[in-house]
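Source file: coords31.txt. Holds: compact mmCIF, C-alpha atoms and all ligand atoms.
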# COMPACT_ATOMS: atom_id res chain seq x y z
CA MET A 99 -6.99 -23.63 8.66
CA SER A 100 -10.46 -22.25 9.30
CA GLU A 101 -10.69 -19.33 6.91
CA SER A 102 -13.68 -17.84 8.72
CA ALA A 103 -11.74 -17.91 12.02
CA LEU A 104 -8.78 -16.27 10.26
CA LYS A 105 -11.04 -13.53 8.94
CA GLY A 106 -12.62 -13.01 12.36
CA SER A 107 -9.25 -12.66 14.11
CA LEU A 108 -7.77 -10.35 11.53
CA LEU A 109 -10.83 -8.10 11.27
CA ALA A 110 -11.11 -7.74 15.07
CA TRP A 111 -7.43 -6.78 15.20
CA TYR A 112 -7.76 -4.32 12.30
CA ARG A 113 -10.72 -2.52 13.83
CA SER A 114 -8.86 -1.95 17.07
CA ALA A 115 -5.30 -1.39 15.79
CA ARG A 116 -5.62 0.35 12.43
CA ARG A 117 -3.72 3.54 11.85
CA ASP A 118 -5.73 6.72 11.64
CA LEU A 119 -5.12 7.73 8.03
CA PRO A 120 -6.97 10.63 6.43
CA TRP A 121 -8.45 8.56 3.59
CA ARG A 122 -9.90 6.13 6.13
CA ARG A 123 -12.03 8.80 7.79
CA ALA A 124 -14.76 8.71 5.15
CA ARG A 125 -15.80 6.36 2.38
CA ASP A 126 -15.40 8.97 -0.30
CA PRO A 127 -14.51 7.03 -3.49
CA TYR A 128 -12.57 9.99 -4.89
CA ALA A 129 -10.43 10.29 -1.73
CA ILE A 130 -9.80 6.55 -1.71
CA TRP A 131 -8.90 6.62 -5.38
CA VAL A 132 -6.41 9.48 -4.93
CA SER A 133 -4.82 7.80 -1.90
CA GLU A 134 -4.55 4.38 -3.55
CA THR A 135 -3.00 5.93 -6.65
CA MET A 136 -0.44 7.84 -4.59
CA LEU A 137 0.35 4.79 -2.47
CA GLN A 138 1.43 2.69 -5.45
CA GLN A 139 5.21 2.25 -5.06
CA THR A 140 5.25 4.91 -2.34
CA ARG A 141 5.23 4.65 1.46
CA VAL A 142 2.36 5.98 3.60
CA GLU A 143 4.60 8.45 5.46
CA THR A 144 5.77 9.92 2.18
CA VAL A 145 2.28 10.12 0.72
CA LEU A 146 0.59 11.86 3.67
CA PRO A 147 1.67 15.50 3.03
CA TYR A 148 1.13 15.14 -0.72
CA TYR A 149 -2.31 13.64 -0.19
CA GLU A 150 -3.37 16.39 2.23
CA ARG A 151 -2.24 19.11 -0.16
CA PHE A 152 -3.80 17.46 -3.21
CA MET A 153 -7.15 17.06 -1.48
CA ARG A 154 -7.00 20.61 -0.16
CA GLU A 155 -6.37 22.00 -3.66
CA LEU A 156 -8.56 19.56 -5.63
CA PRO A 157 -11.17 18.34 -3.14
CA THR A 158 -13.61 16.80 -5.61
CA LEU A 159 -13.48 14.63 -8.69
CA GLN A 160 -14.94 17.50 -10.71
CA SER A 161 -12.19 19.87 -9.55
CA LEU A 162 -9.56 17.34 -10.68
CA ALA A 163 -11.30 16.81 -14.03
CA GLU A 164 -11.28 20.57 -14.65
CA ALA A 165 -7.74 21.25 -13.40
CA PRO A 166 -5.03 21.98 -16.01
CA GLU A 167 -2.54 19.13 -16.32
CA GLU A 168 0.39 21.26 -15.19
CA ARG A 169 -1.43 22.10 -11.95
CA VAL A 170 -2.02 18.40 -11.24
CA LEU A 171 1.62 17.59 -12.05
CA ALA A 172 2.78 20.42 -9.80
CA LEU A 173 0.77 18.97 -6.91
CA TRP A 174 2.34 15.59 -7.66
CA SER A 175 5.85 17.00 -7.95
CA GLY A 176 8.19 15.00 -5.74
CA LEU A 177 6.06 11.84 -5.62
CA GLY A 178 7.46 10.53 -8.90
CA TYR A 179 5.82 8.16 -11.38
CA TYR A 180 4.01 11.10 -12.96
CA ARG A 181 2.06 8.88 -15.33
CA ARG A 182 -0.13 8.05 -12.31
CA ALA A 183 -1.12 11.71 -12.01
CA ARG A 184 -1.90 12.07 -15.70
CA MET A 185 -3.98 8.89 -15.73
CA LEU A 186 -5.84 9.94 -12.59
CA ARG A 187 -6.81 13.23 -14.21
CA ALA A 188 -7.80 11.49 -17.46
CA ALA A 189 -9.92 8.99 -15.52
CA ALA A 190 -11.61 11.81 -13.57
CA GLN A 191 -12.50 13.45 -16.89
CA ARG A 192 -13.93 10.14 -18.15
CA VAL A 193 -16.02 9.73 -14.98
CA ALA A 194 -17.25 13.31 -15.34
CA SER A 195 -18.25 12.82 -18.98
CA ALA A 196 -19.36 9.18 -19.12
CA HIS A 197 -20.63 8.46 -15.59
CA GLY A 198 -22.27 11.76 -14.67
CA GLY A 199 -19.45 12.56 -12.25
CA ARG A 200 -20.15 9.52 -10.06
CA VAL A 201 -17.33 7.04 -9.54
CA PRO A 202 -18.55 3.58 -10.69
CA SER A 203 -18.99 1.08 -7.86
CA ASP A 204 -18.38 -1.98 -10.01
CA ALA A 205 -14.80 -3.29 -10.32
CA ASP A 206 -15.19 -4.06 -14.06
CA ALA A 207 -16.43 -0.52 -14.81
CA LEU A 208 -13.59 0.89 -12.74
CA ARG A 209 -11.02 -1.18 -14.62
CA ALA A 210 -12.22 0.35 -17.88
CA LEU A 211 -11.01 3.79 -16.69
CA PRO A 212 -7.55 5.08 -17.69
CA GLY A 213 -4.81 3.93 -15.33
CA VAL A 214 -7.09 1.81 -13.13
CA GLY A 215 -5.76 -1.73 -12.79
CA GLU A 216 -7.15 -4.68 -10.92
CA TYR A 217 -5.66 -3.59 -7.61
CA THR A 218 -7.04 -0.03 -7.67
CA ALA A 219 -10.42 -1.22 -8.94
CA GLY A 220 -10.59 -3.73 -6.08
CA ALA A 221 -9.62 -1.08 -3.53
CA ILE A 222 -12.24 1.46 -4.65
CA ALA A 223 -15.02 -1.11 -5.12
CA SER A 224 -14.44 -2.78 -1.76
CA ILE A 225 -13.44 0.15 0.47
CA ALA A 226 -15.74 2.85 -0.91
CA PHE A 227 -18.70 0.69 -1.96
CA GLY A 228 -18.44 -2.48 0.14
CA ARG A 229 -18.29 -4.70 -2.95
CA PRO A 230 -16.62 -8.14 -2.55
CA ALA A 231 -13.76 -7.23 -4.90
CA ALA A 232 -10.32 -8.70 -4.22
CA LEU A 233 -7.01 -6.89 -4.32
CA VAL A 234 -3.39 -8.01 -4.19
CA ASP A 235 -0.56 -5.53 -3.78
CA GLY A 236 2.94 -6.17 -2.45
CA ASN A 237 1.85 -6.26 1.19
CA VAL A 238 -1.14 -8.51 0.54
CA ALA A 239 0.94 -10.85 -1.64
CA ARG A 240 3.47 -11.30 1.15
CA VAL A 241 0.80 -11.87 3.82
CA LEU A 242 -1.16 -14.39 1.74
CA ALA A 243 1.99 -16.22 0.62
CA ARG A 244 2.91 -16.70 4.30
CA LEU A 245 -0.56 -17.44 5.65
CA PHE A 246 -1.11 -20.11 2.99
CA ALA A 247 2.56 -21.17 2.61
CA VAL A 248 2.55 -20.45 -1.13
CA GLU A 249 5.85 -21.74 -2.50
CA ASP A 250 5.52 -20.28 -6.01
CA ASP A 251 7.46 -17.21 -7.08
CA ILE A 252 4.99 -14.43 -6.27
CA ARG A 253 6.22 -12.36 -9.22
CA GLY A 254 5.63 -15.22 -11.65
CA ALA A 255 2.36 -15.80 -13.50
CA ARG A 256 1.55 -18.95 -11.54
CA GLY A 257 2.30 -17.40 -8.15
CA ARG A 258 0.24 -14.31 -8.94
CA ALA A 259 -2.68 -16.45 -10.11
CA VAL A 260 -2.58 -18.51 -6.90
CA LEU A 261 -2.58 -15.39 -4.71
CA TRP A 262 -5.43 -13.70 -6.61
CA GLU A 263 -7.47 -16.88 -6.38
CA ILE A 264 -6.97 -16.98 -2.57
CA ALA A 265 -7.76 -13.25 -2.30
CA ARG A 266 -11.00 -13.65 -4.30
CA ARG A 267 -12.09 -16.64 -2.26
CA LEU A 268 -11.46 -14.90 1.07
CA VAL A 269 -13.12 -11.60 0.22
CA ALA A 270 -16.26 -13.37 -0.99
CA GLN A 271 -16.64 -15.37 2.24
CA GLY A 272 -18.97 -14.37 5.05
CA ALA A 273 -20.85 -11.18 5.68
CA GLU A 274 -17.91 -9.05 6.83
CA ASP A 275 -17.17 -5.73 5.21
CA PRO A 276 -14.96 -6.50 2.14
CA GLY A 277 -13.28 -3.09 2.42
CA ASP A 278 -12.26 -3.68 6.03
CA TRP A 279 -11.05 -7.16 5.14
CA ASN A 280 -8.83 -5.92 2.32
CA GLN A 281 -7.49 -3.14 4.49
CA ALA A 282 -6.84 -5.62 7.32
CA LEU A 283 -4.60 -7.64 4.99
CA MET A 284 -2.81 -4.49 3.81
CA GLU A 285 -2.39 -3.21 7.37
CA LEU A 286 -1.00 -6.54 8.57
CA GLY A 287 1.55 -6.49 5.76
CA ALA A 288 2.53 -2.88 6.47
CA THR A 289 2.86 -3.11 10.24
CA VAL A 290 3.30 -6.74 11.41
CA CYS A 291 4.01 -9.17 8.59
CA THR A 292 6.82 -7.02 7.24
CA PRO A 293 9.29 -8.18 4.57
CA ARG A 294 12.40 -9.04 6.58
CA GLU A 295 11.33 -9.37 10.20
CA PRO A 296 7.71 -10.54 10.51
CA ARG A 297 6.55 -10.01 14.10
CA CYS A 298 4.87 -13.39 14.39
CA ALA A 299 4.66 -13.32 18.19
CA ALA A 300 2.46 -10.22 17.99
CA CYS A 301 0.49 -11.32 14.94
CA PRO A 302 -3.30 -11.66 15.23
CA ALA A 303 -3.20 -14.39 12.55
CA ARG A 304 -0.45 -16.52 14.09
CA ASP A 305 -2.84 -19.37 15.02
CA HIS A 306 -3.83 -19.66 11.34
CA CYS A 307 -0.49 -19.13 9.64
CA ARG A 308 0.92 -22.10 7.74
CA ALA A 309 4.31 -20.51 7.19
CA LEU A 310 4.72 -20.00 10.94
CA ALA A 311 3.61 -23.58 11.64
CA LEU A 312 6.09 -24.88 9.07
CA GLY A 313 8.89 -22.62 10.33
CA VAL A 314 9.34 -20.91 6.95
CA ALA A 315 7.89 -17.44 7.67
CA ARG A 316 11.19 -15.70 6.93
CA GLU A 317 11.77 -17.73 3.79
CA LEU A 318 8.49 -16.72 2.22
CA PRO A 319 7.44 -15.22 -0.07
CA ARG A 320 9.67 -16.68 -2.75
CA VAL A 321 10.72 -14.21 -5.38
CA GLY A 322 12.69 -14.98 -8.52
CA PRO A 323 15.87 -13.10 -9.25
CA ARG A 324 15.34 -9.53 -10.37
CA ARG A 325 16.44 -8.67 -13.85
CA ALA A 326 19.72 -6.78 -13.84
CA PRO A 327 18.99 -3.15 -14.70
CA LEU A 328 19.66 -2.15 -18.27
CA VAL A 329 22.60 0.26 -18.54
CA VAL A 330 21.68 3.30 -20.65
CA ARG A 331 24.30 5.83 -21.72
CA ARG A 332 23.10 9.38 -22.28
CA ALA A 333 24.72 12.73 -22.84
CA ALA A 334 23.39 16.09 -21.68
CA VAL A 335 24.56 19.59 -22.38
CA VAL A 336 23.91 22.47 -20.00
CA LEU A 337 24.08 25.79 -21.83
CA SER A 338 23.78 28.62 -19.36
CA SER A 339 24.40 32.33 -18.95
CA ARG A 340 24.30 34.42 -15.78
CA THR A 341 20.54 34.61 -16.05
CA SER A 342 19.23 31.67 -18.13
CA VAL A 343 19.69 28.03 -18.97
CA LEU A 344 18.55 26.19 -22.08
CA LEU A 345 15.86 23.56 -21.32
CA ALA A 346 13.89 21.25 -23.59
CA ARG A 347 10.45 19.77 -22.98
CA ARG A 348 9.82 16.05 -23.49
CA ARG A 349 6.93 15.01 -25.73
CA PRO A 350 3.87 13.79 -23.77
CA GLU A 351 4.11 10.19 -25.02
CA THR A 352 7.76 9.71 -23.93
CA LEU A 353 9.13 8.65 -20.57
CA TRP A 354 8.79 11.74 -18.32
CA GLY A 355 6.57 13.36 -20.95
CA GLY A 356 5.82 17.05 -20.42
CA LEU A 357 8.83 17.64 -18.19
CA TRP A 358 11.73 19.99 -18.90
CA GLU A 359 15.39 19.06 -18.77
CA PRO A 360 18.74 20.14 -20.21
CA PRO A 361 18.92 18.77 -23.78
CA THR A 362 19.85 15.09 -23.55
CA VAL A 363 20.35 12.23 -26.01
CA GLU A 364 20.90 8.53 -25.77
CA GLY A 365 24.36 8.16 -27.19
CA ASP A 366 27.30 10.49 -27.33
CA LEU A 367 27.73 14.19 -26.78
CA ALA A 368 29.00 14.91 -30.29
CA SER A 369 25.63 14.10 -31.88
CA LEU A 370 23.80 16.34 -29.38
CA VAL A 371 26.19 19.24 -29.95
CA ALA A 372 25.74 18.83 -33.71
CA ARG A 373 21.94 18.79 -33.43
CA LEU A 374 21.96 22.00 -31.40
CA GLY A 375 24.35 23.60 -33.89
CA ILE A 376 26.81 24.78 -31.25
CA ASP A 377 30.58 25.04 -31.40
CA ALA A 378 31.99 21.79 -29.97
CA SER A 379 35.29 23.48 -29.01
CA ALA A 380 33.41 25.79 -26.62
CA ILE A 381 31.94 22.86 -24.64
CA THR A 382 33.72 21.48 -21.57
CA HIS A 383 33.20 18.16 -19.84
CA ALA A 384 31.59 18.60 -16.40
CA GLY A 385 31.32 15.00 -15.16
CA GLU A 386 29.04 11.98 -15.10
CA VAL A 387 25.72 11.55 -13.29
CA VAL A 388 24.46 8.06 -12.45
CA HIS A 389 20.72 7.64 -11.90
CA VAL A 390 19.11 4.31 -11.06
CA LEU A 391 15.50 3.51 -11.97
CA THR A 392 13.71 0.22 -11.36
CA HIS A 393 14.85 -1.39 -14.59
CA ARG A 394 17.42 1.08 -15.88
CA ARG A 395 20.73 2.42 -14.73
CA MET A 396 21.44 5.70 -16.47
CA HIS A 397 24.93 7.08 -16.95
CA VAL A 398 24.67 10.65 -18.13
CA GLU A 399 27.78 12.40 -19.44
CA VAL A 400 27.31 16.09 -18.65
CA ALA A 401 28.95 18.95 -20.54
CA TRP A 402 28.70 22.67 -20.03
CA GLY A 403 28.92 25.64 -22.38
CA ALA A 404 28.04 29.32 -22.43
CA LEU A 405 24.50 29.96 -23.70
CA PRO A 406 24.77 31.72 -27.09
CA ARG A 407 22.37 34.58 -27.80
CA ARG A 408 19.82 33.09 -30.17
CA ARG A 409 16.13 33.53 -30.66
CA VAL A 410 15.36 30.15 -32.18
CA TRP A 411 16.79 26.79 -31.16
CA PRO A 412 16.49 23.51 -33.08
CA LEU A 413 14.84 20.63 -31.20
CA PRO A 414 17.64 18.53 -29.71
CA GLY A 415 15.92 15.22 -30.59
CA ALA A 416 12.70 13.49 -31.61
CA GLU A 417 11.58 13.11 -28.00
CA TYR A 418 11.27 16.88 -27.52
CA ASP A 419 8.56 19.29 -28.62
CA ALA A 420 9.98 22.59 -27.30
CA VAL A 421 13.31 24.15 -26.42
CA GLU A 422 13.97 27.57 -24.94
CA PRO A 423 16.16 29.49 -22.50
CA VAL A 424 14.50 29.54 -19.07
CA PRO A 425 15.36 32.22 -16.48
CA LEU A 426 17.47 30.76 -13.67
CA ARG A 427 15.12 32.49 -11.27
CA GLU A 428 12.42 29.96 -12.25
CA LEU A 429 14.65 27.04 -11.33
CA ALA A 430 14.90 28.35 -7.80
CA LEU A 431 11.21 27.60 -7.47
CA ALA A 432 9.90 24.08 -7.17
CA ALA A 433 6.79 23.57 -9.26
CA GLY A 434 4.28 24.21 -6.49
CA GLN A 435 6.13 27.29 -5.39
CA ARG A 436 4.89 29.64 -8.04
CA GLU A 437 2.06 30.49 -5.68
CA HIS A 438 4.69 30.89 -2.95
CA GLU A 439 6.24 33.59 -5.12
CA HIS A 440 2.78 35.05 -5.48
CA GLU A 441 2.37 35.06 -1.71
CA ARG A 442 5.66 36.89 -1.28
CA GLU A 443 4.49 39.54 -3.69
CA ASN A 444 1.34 39.82 -1.64
CA GLY A 445 3.22 40.36 1.59
CA ARG A 446 2.65 37.06 3.43
CA PRO A 447 5.03 36.47 6.38
CA ARG A 448 8.42 34.90 5.64
CA GLU A 449 7.95 32.12 8.19
CA ARG A 450 4.93 30.93 6.25
CA GLU A 451 7.05 31.00 3.14
CA ARG A 452 9.64 28.77 4.76
CA GLU A 453 6.96 26.27 5.71
CA ARG A 454 5.83 26.17 2.13
CA GLU A 455 9.38 25.59 0.96
CA ARG A 456 9.57 22.54 3.17
CA GLU A 457 6.21 21.29 1.92
CA THR A 458 7.11 21.55 -1.71
CA GLU A 459 10.69 20.28 -1.60
CA PRO A 460 10.67 16.66 -2.77
CA GLU A 461 11.57 14.34 0.09
CA PRO A 462 15.07 12.88 -0.13
CA GLY A 463 14.92 9.33 -1.42
CA ALA A 464 11.14 9.42 -1.71
CA SER A 465 11.12 9.40 -5.44
CA ARG A 466 13.29 8.62 -8.38
CA ALA A 467 11.46 11.32 -10.22
CA HIS A 468 12.77 12.80 -13.37
CA SER A 469 13.18 16.15 -11.65
CA THR A 470 15.84 14.53 -9.47
CA LEU A 471 17.86 13.43 -12.50
CA ALA A 472 17.49 16.79 -14.26
CA ARG A 473 18.54 18.64 -11.11
CA LYS A 474 21.57 16.36 -10.72
CA VAL A 475 22.58 17.17 -14.29
CA LEU A 476 22.18 20.91 -13.69
CA ARG A 477 24.14 20.76 -10.47
CA MET A 478 26.94 18.84 -12.15
CA ALA A 479 27.30 21.89 -14.40
CA ASN A 480 27.10 24.25 -11.40
CA VAL A 481 23.58 25.45 -12.15
CA PRO A 482 21.62 25.28 -8.90
CA ALA A 483 18.01 24.23 -9.31
CA ARG A 484 15.44 23.43 -6.68
CA GLY A 485 12.71 22.71 -9.20
CA LEU A 486 12.00 22.64 -12.90
CA PRO A 487 9.26 24.41 -14.78
CA TRP A 488 6.11 22.64 -15.84
CA LYS A 489 4.29 24.49 -18.51
CA LYS A 490 2.35 24.07 -21.69
S1 LIG B 1 2.35 -15.32 11.82
FE1 LIG B 1 4.13 -14.28 11.06
S2 LIG B 1 4.35 -14.93 8.95
FE2 LIG B 1 2.30 -15.49 9.60
S3 LIG B 1 1.02 -13.80 8.94
FE3 LIG B 1 1.61 -13.38 11.04
S4 LIG B 1 3.49 -12.13 10.91
FE4 LIG B 1 3.13 -13.07 8.91

Now that the file is in, can you turn its structure into structure tokens?
Ligand code: SF4
Amino acid sequence: MSESALKGSLLAWYRSARRDLPWRRARDPYAIWVSETMLQQTRVETVLPYYERFMRELPTLQSLAEAPEERVLALWSGLGYYRRARMLRAAAQRVASAHGGRVPSDADALRALPGVGEYTAGAIASIAFGRPAALVDGNVARVLARLFAVEDDIRGARGRAVLWEIARRLVAQGAEDPGDWNQALMELGATVCTPREPRCAACPARDHCRALALGVARELPRVGPRRAPLVVRRAAVVLSSRTSVLLARRRPETLWGGLWEPPTVEGDLASLVARLGIDASAITHAGEVVHVLTHRRMHVEVAWGALPRRRVWPLPGAEYDAVEPVPLRELALAAGQREHEHERENGRPRERERERERETEPEPGASRAHSTLARKVLRMANVPARGLPWKK
């Protein structure tokens, strides 16, 4: 295979066929950073409305660095994997304080920022600054494994090393724009060299593809068996009145840190009831919620009870740092909709309000976000909730 001919074909195709995506319209490193962070584990179509809103509300790195965490999380609400949002904000603060507000152009300096791995560093350095930095994400791994007929498991250490070595060699070759080259590989993986049905007949790289020549395009890439998800048993208690429900906030360093949920423990309901100091005979079983994450399958036993009148509640477990009754009215509002409430108070038209509701409602299936699990638990106990509060 002539690698320079491969690059020529793929770049010519990319420049004529690429999708018009908002982060491709300028080489703003901040915009590219936000988009690449959102696109991790999330499809382009899902990301688009979130990206547009995020950039509208926080258009510069400085505005992100100065934004309160709960505002950033609210803008992220529905995308899931909230650690990405926290890390992005922390990295923006580091750039503001240590780099004079200018995003570093060097991949090594980028990798030193919170939450920036080799992929994101390569994307920012190459796309925003034209540096010959490689990147390998799921799409690029699949494309390279097929183009070069890599037989190793692409999730294994050896397979990953082989793919990164190919990616580094290719991006460093020739005088072409490294950012366009990396995006050409990503675009090919997203639109032509797709996981199950690669469209080889329409592929601009078909004359250079070893997998196609060997007749193994559909068999590659090789991936080892996924680990079976770990089954986790939890118990949650929903204590509600006509106006309020008891919610607890997770400590920042835990999974889903900073988010609110009905008090939950790993283990059985009896220990949770005892920790909250409530009368076990007044609690009724509501059902079981099953929630599947990448490596975990959660079975949550849900119980319901009337919310006793109390001023002070004990923390339901070590993973919480606050517990309090929250007005049910707040649960009717998704995180970003507090301003929607504000608009209503200020007399904006109802049609506009409905649009905002659609914007802020998490997309079905788009995320396995914690809010989805917490809402499932609340619904199991007949407490309707569109969103959950985010607050300090
Ligand atoms: S020819 Fe087929 S397998 Fe090879 S890169 Fe193109 S779409 Fe993928």

*ligand LIG 1 (chain B) neighbours within 8 Å using all atoms listed in the file, as an MDAnalysis selection string*: chainID A and resid 240:242 244:245 286:287 290:292 296:310 315:316

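Using only C-alpha atoms, the nearest neighbour of A:Arg325 within the list A:Val343, A:Arg394, A:Asp235, A:Ile381 is A:Arg394.
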
_Given only C-alpha atoms as the basis, pick out the residue of A:Thr382, A:Thr140, A:Gln271, A:Asn237 nearest to A:Thr289._
A:Asn237

*Kindly give the distance, in Å, that separates atom CA of A:Arg141 and atom CA of A:Tyr179, rounded to a single decimal.*
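Calculated distance between atom CA of A:Arg141 and atom CA of A:Tyr179 is 13.3 Å.
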
*For A:Leu109, please output as a ChimeraX atom specification all residues within 9 Å (counting all atoms listed in the file; exclusion window: fewer than 6 positions along the same chain).*
/A:274,278-279,282-283

_Separation of atom CA of A:Glu317 from atom CA of A:Arg256, in Å and rounded to one decimal_ =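 Rounded to one decimal, the two atoms are 18.5 Å apart.
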
*What does the distance between atom CA of A:Arg253 and atom CA of A:Ala232 come to in Å, to one decimal place?*
17.7 Å

With 5 Å of padding per side, what axis-aligned box (centre and edge lengths, Å, one decimal) covers all the listed atoms of stretch 395-398 of chain A? Give it as lines of an AutoDock Vina configuration file.
center_x = 22.8
center_y = 6.5
center_z = -16.4
size_x = 14.2
size_y = 18.2
size_z = 13.4

*With distances taken over only C-alpha atoms, which of A:Trp402, A:Gly385, A:Pro350, A:Arg332 is nearest to A:Ser369?*
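Of A:Trp402, A:Gly385, A:Pro350, A:Arg332, the one nearest A:Ser369, counting only C-alpha atoms, is A:Arg332.
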
_Nearest-residue call for A:Arg395, choices A:Arg408, A:Gly415, A:Ala189, A:Val330, using all atoms listed in the file_ = A:Val330

Would you give me, as CSV, each residue of stretch 101-122 of chain A having an atom within 9 Å of an atom of stretch 145-158 of chain A, along with its shortest atom pair and that distance in Å to one decimal, using all atoms listed in the file and sorting by chain and residue number?
residue,atom,partner,partner_atom,distance
A:Leu119,CA,A:Leu146,CA,8.3
A:Pro120,CA,A:Glu150,CA,8.0
A:Trp121,CA,A:Tyr149,CA,8.8

*Quick one: residues within 10 Å of A:Pro212, all atoms listed in the file counted, chain neighbours fewer than 5 positions away excluded, as a ChimeraX atom specification?*
/A:182,184-192

*Could you check which of A:Trp174, A:Tyr217, A:Tyr418, A:Trp411 is closest to A:Arg349, using all atoms listed in the file?*
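Of all the options, A:Tyr418 lies closest to A:Arg349.
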
_List as a PyMOL selection string the protein and nucleic acid residues near A:Ala270, meaning an atom at most 6 Å away when all atoms listed in the file are counted, but skip any in the same chain fewer than 2 places from it._
chain A and resi 230+267-268

Would you export the selected residues with C-alpha atoms as an mmCIF file, in the frame of the given file, please?
data_model
loop_
_atom_site.group_PDB
_atom_site.id
_atom_site.type_symbol
_atom_site.label_atom_id
_atom_site.label_comp_id
_atom_site.auth_asym_id
_atom_site.auth_seq_id
_atom_site.Cartn_x
_atom_site.Cartn_y
_atom_site.Cartn_z
ATOM 1 C CA PRO A 230 -16.620 -8.140 -2.550
ATOM 2 C CA ARG A 267 -12.090 -16.640 -2.260
ATOM 3 C CA LEU A 268 -11.460 -14.900 1.070
#

_Radius query 10 Å about (-14.4, -17.4, 9.6), atoms used: all atoms listed in the file, as a PyMOL selection string_ = chain A and resi 99-108+268+271-274
